[in-house]
Amino acid sequence: MKNITVFCGSNSGFRAEYAEAARTLARIFVRENIGLVYGGGKVGLMGVIADEVMRAGGRVVGIIPESLERKEVGHRDVTELKVVGSMHERKALMAEMADGFIAMPGGIGTFEEFFEILTWAQLGFHDKPCAVLNVAGYYDGLLALCDNAVREGFLRSAHRQLIIEDADPEILLEKMRRLKPPPVEKWLDRGDL
């Protein structure tokens, strides 16, 4: 993997573990010669991971819409900051540049970006690994929701398995390298057609 897109919060959260996990992931990226592609902000976990990759001598491409450049404080000290016209352009460019995707702790925007890219995998638009770095159990509830969707018949087990998960950044990256999401068909209830 040459580049990984990391979705994460424009806030840092209340636990020190979140920022420490971002720094650890950043150092691993630099050691493994993996470029960071991210939302382009200078604040929150976005700023933490970008700053650490840059401090350690790595490559960072930030992609931020014009409308968010002021709110998320566009990070001018990264390798390259791309300012785009819309969130749609941001997500499309992040997807195009990445060989894989990691969701770190974040809010609604992080969830939306991760689930959109996961939906694209489910639909067969890409076969890149999609992962959550489950720092301090942050994503336990979200993963339980996905498991419940399987139990209740709204999500195929094969689609649930598209979500690679681990709390350890090293192990997560190894899982991403080893696993190529299997081709899965979109689940349609033929009775609904």
# chains A, B, ... in the order shown; residues from 1 in each chain; ligands from 1
>>> residues_around(residues="Glu116 (chain A)", least_positions_apart="6", cutoff="10 Å", atoms="only C-alpha atoms", output="list of chain:residue names")
A:Lys91, A:Thr110, A:Gln122
>>> select_by_dssp(residues="region 52-89 of chain A", states="helix (DSSP H, G or I)", output="list in words")
Glu52, Val53, Met54, Arg55, Glu66, Ser67, Leu68, Glu69, Met87, His88 and Glu89 of chain A
>>> residues_around(residues="Cys8 (chain A)", least_positions_apart="2", cutoff="7 Å", atoms="only C-alpha atoms", output="list in words")
Val6, Ser10, Leu45, Met46, Ala103, Met104, Pro105, Gly106 and Thr110 of chain A
>>> residues_around(residues="region 33-40 of chain A", least_positions_apart="4", cutoff="8 Å", atoms="only C-alpha atoms", output="list in words")
Met1, Lys2, Asn3, Ile4, Thr5, Val6, Phe7, Ala26, Phe29, Met46, Ala50, Val53, Gly58, Arg59, Val60, Val61, Gly62, Ile63, Ile64, Glu72, Gly74, His75, Leu81, Lys82, Arg90, Met94, Met97 and Ala98 of chain A
>>> write_last_selection(atoms="C-alpha atoms", output="PDB file, in the first residue's frame")
ATOM      1  CA  MET A   1       0.000   0.000   0.000  1.00  0.00           C
ATOM      2  CA  LYS A   2       1.461   3.323  -1.086  1.00  0.00           C
ATOM      3  CA  ASN A   3      -1.228   5.625   0.324  1.00  0.00           C
ATOM      4  CA  ILE A   4      -3.932   5.163   2.943  1.00  0.00           C
ATOM      5  CA  THR A   5      -6.825   7.510   3.527  1.00  0.00           C
ATOM      6  CA  VAL A   6      -7.531   8.085   7.216  1.00  0.00           C
ATOM      7  CA  PHE A   7     -10.943   9.408   8.241  1.00  0.00           C
ATOM      8  CA  ALA A  26       1.586   8.151  11.725  1.00  0.00           C
ATOM      9  CA  PHE A  29       3.073   5.014   8.021  1.00  0.00           C
ATOM     10  CA  MET A  46      -6.689  15.264  11.697  1.00  0.00           C
ATOM     11  CA  ALA A  50      -0.785  14.994   9.818  1.00  0.00           C
ATOM     12  CA  VAL A  53       3.667  12.184   9.733  1.00  0.00           C
ATOM     13  CA  GLY A  58       6.584  11.332   5.687  1.00  0.00           C
ATOM     14  CA  ARG A  59       4.188  12.391   2.927  1.00  0.00           C
ATOM     15  CA  VAL A  60       0.810  13.976   3.628  1.00  0.00           C
ATOM     16  CA  VAL A  61      -1.866  14.985   1.149  1.00  0.00           C
ATOM     17  CA  GLY A  62      -4.764  16.907   2.653  1.00  0.00           C
ATOM     18  CA  ILE A  63      -7.981  17.330   0.707  1.00  0.00           C
ATOM     19  CA  ILE A  64     -10.408  19.937   1.956  1.00  0.00           C
ATOM     20  CA  GLU A  72     -11.272  22.857   9.925  1.00  0.00           C
ATOM     21  CA  GLY A  74      -6.735  23.980   6.297  1.00  0.00           C
ATOM     22  CA  HIS A  75      -3.287  22.578   7.069  1.00  0.00           C
ATOM     23  CA  LEU A  81      -3.057  20.630   0.398  1.00  0.00           C
ATOM     24  CA  LYS A  82      -5.699  20.259  -2.278  1.00  0.00           C
ATOM     25  CA  ARG A  90     -13.105  15.541  -1.521  1.00  0.00           C
ATOM     26  CA  MET A  94      -9.544  10.612  -1.281  1.00  0.00           C
ATOM     27  CA  MET A  97      -5.615   8.355  -4.178  1.00  0.00           C
ATOM     28  CA  ALA A  98      -5.917   5.577  -1.575  1.00  0.00           C
TER      29      ALA A  98
END
>>> atom_distance(atom1="CA of Leu118 (chain A)", atom2="CA of Ala131 (chain A)")
9.1 Å
>>> residues_around(residues="Asp147 (chain A)", least_positions_apart="4", cutoff="10 Å", atoms="only C-alpha atoms", output="ChimeraX atom specification")
/A:141-143,151-152,154-157,160-161
>>> atom_distance(atom1="CA of Phe115 (chain A)", atom2="CA of Leu145 (chain A)")
12.8 Å
>>> select_by_dssp(residues="region 12-193 of chain A", states="strand (DSSP E or B)", output="VMD selection string")
chain A and resid 35 to 38 41 60 to 65 74 80 to 84 101 to 103 130 to 133 163 to 166
>>> write_last_selection(atoms="C-alpha atoms", output="compact mmCIF listing (two decimals), in the first residue's frame")
# COMPACT_ATOMS: atom_id res chain seq x y z
CA GLY A 35 1.60 8.25 2.43
CA LEU A 36 -1.24 9.75 4.44
CA VAL A 37 -4.30 11.04 2.60
CA TYR A 38 -6.76 12.79 4.90
CA GLY A 41 -7.59 19.94 8.59
CA VAL A 60 0.81 13.98 3.63
CA VAL A 61 -1.87 14.98 1.15
CA GLY A 62 -4.76 16.91 2.65
CA ILE A 63 -7.98 17.33 0.71
CA ILE A 64 -10.41 19.94 1.96
CA PRO A 65 -13.46 21.66 0.45
CA GLY A 74 -6.73 23.98 6.30
CA GLU A 80 0.29 19.03 -0.46
CA LEU A 81 -3.06 20.63 0.40
CA LYS A 82 -5.70 20.26 -2.28
CA VAL A 83 -8.64 22.63 -1.95
CA VAL A 84 -11.67 21.28 -3.81
CA PHE A 101 -9.02 3.26 4.23
CA ILE A 102 -8.90 3.56 8.01
CA ALA A 103 -11.51 5.17 10.25
CA CYS A 130 -11.74 -0.73 4.71
CA ALA A 131 -10.76 -0.75 8.39
CA VAL A 132 -11.58 0.77 11.74
CA LEU A 133 -8.88 1.46 14.31
CA ILE A 163 -14.96 -4.09 7.88
CA ILE A 164 -11.45 -4.96 9.08
CA GLU A 165 -11.05 -4.09 12.74
CA ASP A 166 -8.41 -3.99 15.43
>>> atom_distance(atom1="CA of Ala144 (chain A)", atom2="CA of Phe114 (chain A)")
16.0 Å
